[in-house]
Each structure stands twice: as C-alpha cells, then as structure tokens.
Amino acid sequence: MGSDLPNWIRPILDWMQTTWINDLALGPQWSWPILETIHFTGMCLLFGPIIIMDLRLMGFDRLSLSSAAVHKLIPLTVAGFVINLLTGIVFLFGDPYRYAMNISFAIKFWLIILAGINALYFWIKATPVLERLGPHEDAPTSIKIVGLSSLIMWTLVLCFGRLIPYLGTG
Amino acid sequence: MVRVSAYGYPIMIMLHSLGLAIMVGLSVVLSLRVLGFFSAIPYTSLQRLLKIAWIGFIINFLSGGSLFAANAEVFIVDPVFLTKMAMVIIGAILVGIMQSMIKGAMAGGSADVVASTSLKVVAALAIAAWTIGMVTGRLIAYL
C-alpha cells in the first residue's frame, strides 16, 4: 500500500496507527460517523460567520452593518475551526495512509495553509487600515480582495474536503 | 444523470455540503442573533443575510433532488432519510416564519428592540431542527 509515498513518511504513518487517537477513530464502529457529524457541525460554525465577515469586508450592506458588529463573530468561526482541526486530526490518525496518498486532501491542506496566510495578512496589514476608517466606510479595493480570497479559499476547502472519498483515492 | 456519470455523484455531494454550510451556517448565526447574541447586527442586515441563506437552500434542493433521484427506491423507505427530510422542511418553515416575524417587528418600528419570546422560540427551534437535520443527513451514509 502507498507505493508512491516517500520513505521518510512511512515511519510517521506507521507510528500514527499505533496511537490512542487511532483507537479513538477506529475503535467503536460508531465513532467515525459521530466524528463526521461533529466535523460537519464545525464546518457550519466556521462557514456561516466567514460568509458574513467576508461579504461585509467586500462592502455588503456596509451602511447598516458596522465592521465592529461582524468582528464579534470571530470567536464563533474560531470555535468552528478548532472543532474541525481536532476532529480532522483524529481522521488523519485513524487512516494515515489514505490521507497521505489522497490528492483531494493535499489540495485541501494547502488551501487551509493559504487561507491562514490570508487571515494573517488581513490581521497584520488590513486591520490598521480598517481601524482608520469609519464603521460604515468602504474599504480600499486591496482589502476587499483579501475578503474575496478568503471566501473563495474556504469554499474550496469545503469542496475538496467533501471530495476526499471520490478524488484520487489510491 | 447522477447514476450514469462518474463525476455526477461527487459533484452533487460536494454542492450539497456547500449549500448546507450556507443555509445552516447562516441560519444558525442569525438565529443566535435573535436569541440575543451579536446584538450589534441590526435586523435590516439580518433580513438581507437570510436572503443569502436561501441561496444555500436552493443549491441543496437541486443537488438533493438529483441525489435522491439516483437512489429513490432506497431513500424513500429509509427512516434516517425521512427524519432528515422532516427536519429540513421544519427548519426551512421556521426560518421563513422568523423572517416574516422580523419583517413585522420592523414594520412596527421596533427594528432593534429585544426579540419577542415567540420569535426567540422560533429561533431556538430552528437551530434544533437544522442540527438534527444535519446530523441525520450525514448519518444516512452509515445507518
């Protein structure tokens, strides 16, 4: 199994299969389906606020919706992200060879990294600019692009995540 | 269509997850707003965002219809699927009721006052219906 994998990764994947996290994912028959439902719950908690925050950043409804109001949604989206990071890690430990060889998972993984860099850029570069604006003022185009990129990236993360069972399964 | 194409089924499944995240993700946030969280979001914005939520519902009505048609004889007797469908219909009706109640409150000039108890009950039930609908929907593949 996994003939295309580089040699250095095999001991890591083998070790992952010996951990208690692997037992948690594969132990009882119902644990994987339950983890899936939790992963979907996290997805909704992550994605709902992302839609609102990114659309607002692009100027959606800016005259009645203040930027401070949508900022309050950050803890909800972070909660969704943490839920999905944790359940996602359990999936990885549960079936490490499958994910190591899966193209859709690889794309999803790098998209999450990109979305993270985008969020970091927003935090460091865009936040000071936004703070100088009034609560209902339109953001410059360069910052609207950050919002649009975020929305596109998270949409693709979701899509490629769901395609893991169908795309490039070794 | 889903049955004959190798790509059809995964694409419909993918769209169904996207529509779920849009409809349920937004409905839950906006229901929480009605329940008193994120109160800086005004009702006018709430109404506009709920319209976007329905885009997710339409995506799922179409992708779900396609997934159902590919395996109708199995789904129609599956109690998990039937529970999920009941919850989706209830959830959608509750969001519709929530929208018209907010519209009524706004017309009465009370756009940003605290939500009435009945509106809060509708919002709480909507969260419950969507949660059960999502969980049972995901479990169709396993049970």
# chains A, B, ... in the order shown; residues from 1 in each chain; ligands from 1
>>> residues_around(residues="Phe81 in chain A", least_positions_apart="6", cutoff="9 Å", atoms="only C-alpha atoms", output="list in words")
Gly42, Met43, Leu45 and Leu46 of chain A
>>> residues_around(residues="Trp154 in chain A", least_positions_apart="3", cutoff="9 Å", atoms="only C-alpha atoms", output="PyMOL selection string")
chain A and resi 47+50+111-112+115+149-151+157-159
>>> write_last_selection(atoms="C-alpha atoms", output="PDB file, in the first residue's frame")
ATOM      1  CA  PHE A  47     -18.537  28.923   7.303  1.00  0.00           C
ATOM      2  CA  ILE A  50     -16.991  33.607   7.255  1.00  0.00           C
ATOM      3  CA  LEU A 111      -5.751  25.702   0.781  1.00  0.00           C
ATOM      4  CA  ILE A 112      -6.111  25.848   4.582  1.00  0.00           C
ATOM      5  CA  ALA A 115      -6.351  30.762   3.951  1.00  0.00           C
ATOM      6  CA  SER A 149      -9.846  35.457  -1.459  1.00  0.00           C
ATOM      7  CA  SER A 150     -10.883  34.252   1.972  1.00  0.00           C
ATOM      8  CA  LEU A 151     -14.409  33.396   0.793  1.00  0.00           C
ATOM      9  CA  VAL A 157     -11.529  23.906   1.377  1.00  0.00           C
ATOM     10  CA  LEU A 158     -15.087  22.709   1.935  1.00  0.00           C
ATOM     11  CA  CYS A 159     -15.457  21.359  -1.611  1.00  0.00           C
TER      12      CYS A 159
END
>>> closest_residue(among="A:Trp15, A:Trp110, A:Phe40, A:Trp123", to="Met153 in chain A", atoms="only C-alpha atoms")
A:Trp110
>>> residues_around(residues="range 20-32 of chain B", least_positions_apart="3", cutoff="9 Å", atoms="only C-alpha atoms", output="ChimeraX atom specification")
/A:40-41,43-49,51-52,73,76,158 /B:15-17,35-38,46,49-50,52-57,59-60,95,98,120,122-124,126-127,130-131,134
>>> residues_around(residues="range 127-139 of chain A", least_positions_apart="2", cutoff="6 Å", atoms="only C-alpha atoms", output="PyMOL selection string")
chain A and resi 62-63+66-67+123+125
>>> closest_residue(among="A:Ser64, A:Thr87, A:Thr141, A:Asn7", to="Asn22 in chain A", atoms="only C-alpha atoms")
A:Thr87
>>> closest_residue(among="A:Phe60, A:Tyr166, A:Phe91, A:Phe109", to="chain B", atoms="only C-alpha atoms")
A:Tyr166
>>> closest_residue(among="B:Leu139, B:Ala92, B:Gly8, B:Met14", to="Thr155 in chain A", atoms="only C-alpha atoms")
B:Met14
>>> residues_around(residues="Tyr99 in chain A", least_positions_apart="6", cutoff="12 Å", atoms="only C-alpha atoms", output="MDAnalysis selection string")
chainID A and resid 2 5 13 16 88:93 105:109 161 164:165 167:170
>>> select_by_dssp(residues="range 99-150 of chain A", states="helix (DSSP H, G or I)", output="VMD selection string")
chain A and resid 99 to 100 103 to 132 141 to 150
>>> write_last_selection(atoms="C-alpha atoms", output="mmCIF file, in the first residue's frame")
data_model
loop_
_atom_site.group_PDB
_atom_site.id
_atom_site.type_symbol
_atom_site.label_atom_id
_atom_site.label_comp_id
_atom_site.auth_asym_id
_atom_site.auth_seq_id
_atom_site.Cartn_x
_atom_site.Cartn_y
_atom_site.Cartn_z
ATOM 1 C CA TYR A 99 -4.850 10.767 3.592
ATOM 2 C CA ALA A 100 -1.134 10.742 2.771
ATOM 3 C CA ILE A 103 -4.900 14.323 -3.851
ATOM 4 C CA SER A 104 -8.082 15.995 -2.644
ATOM 5 C CA PHE A 105 -6.789 16.055 0.934
ATOM 6 C CA ALA A 106 -3.450 17.513 -0.221
ATOM 7 C CA ILE A 107 -5.273 20.317 -2.065
ATOM 8 C CA LYS A 108 -7.498 20.929 0.958
ATOM 9 C CA PHE A 109 -4.475 21.027 3.292
ATOM 10 C CA TRP A 110 -2.583 23.630 1.203
ATOM 11 C CA LEU A 111 -5.751 25.702 0.781
ATOM 12 C CA ILE A 112 -6.111 25.848 4.582
ATOM 13 C CA ILE A 113 -2.471 26.998 4.834
ATOM 14 C CA LEU A 114 -3.174 29.657 2.155
ATOM 15 C CA ALA A 115 -6.351 30.762 3.951
ATOM 16 C CA GLY A 116 -4.296 31.004 7.145
ATOM 17 C CA ILE A 117 -1.681 33.199 5.435
ATOM 18 C CA ASN A 118 -4.530 35.309 4.012
ATOM 19 C CA ALA A 119 -6.016 35.723 7.506
ATOM 20 C CA LEU A 120 -2.589 36.614 8.905
ATOM 21 C CA TYR A 121 -2.134 39.201 6.156
ATOM 22 C CA PHE A 122 -5.583 40.593 6.969
ATOM 23 C CA TRP A 123 -4.734 40.789 10.667
ATOM 24 C CA ILE A 124 -1.313 42.454 10.216
ATOM 25 C CA LYS A 125 -1.840 44.643 7.148
ATOM 26 C CA ALA A 126 -5.559 45.263 6.770
ATOM 27 C CA THR A 127 -6.666 45.757 10.364
ATOM 28 C CA PRO A 128 -4.655 49.009 10.856
ATOM 29 C CA VAL A 129 -6.148 50.383 7.607
ATOM 30 C CA LEU A 130 -9.686 49.401 8.655
ATOM 31 C CA GLU A 131 -9.224 50.986 12.080
ATOM 32 C CA ARG A 132 -8.649 54.347 10.427
ATOM 33 C CA THR A 141 -10.001 47.510 -3.161
ATOM 34 C CA SER A 142 -6.783 45.862 -1.936
ATOM 35 C CA ILE A 143 -8.586 44.901 1.283
ATOM 36 C CA LYS A 144 -11.772 43.807 -0.481
ATOM 37 C CA ILE A 145 -9.604 41.347 -2.397
ATOM 38 C CA VAL A 146 -8.491 39.822 0.927
ATOM 39 C CA GLY A 147 -12.169 39.217 1.769
ATOM 40 C CA LEU A 148 -12.929 37.733 -1.643
ATOM 41 C CA SER A 149 -9.846 35.457 -1.459
ATOM 42 C CA SER A 150 -10.883 34.252 1.972
#
>>> atom_distance(atom1="CA of Ile34 in chain A", atom2="CA of Phe81 in chain B")
16.5 Å
>>> residues_around(residues="Lys84 in chain B", least_positions_apart="3", cutoff="10 Å", atoms="only C-alpha atoms", output="PyMOL selection string")
chain B and resi 78-81+87-90+129-140
>>> atom_distance(atom1="CA of Tyr9 in chain B", atom2="CA of Ile76 in chain B")
18.3 Å
>>> closest_residue(among="B:Gly108, B:Gly65, B:Gly96, B:Pro42", to="chain A", atoms="only C-alpha atoms")
B:Pro42
>>> atom_distance(atom1="CA of Thr83 in chain B", atom2="CA of Arg162 in chain A")
22.6 Å
>>> closest_residue(among="B:Ala69, B:Gly19, B:Ser39, B:Leu94", to="Val70 in chain A", atoms="only C-alpha atoms")
B:Ser39
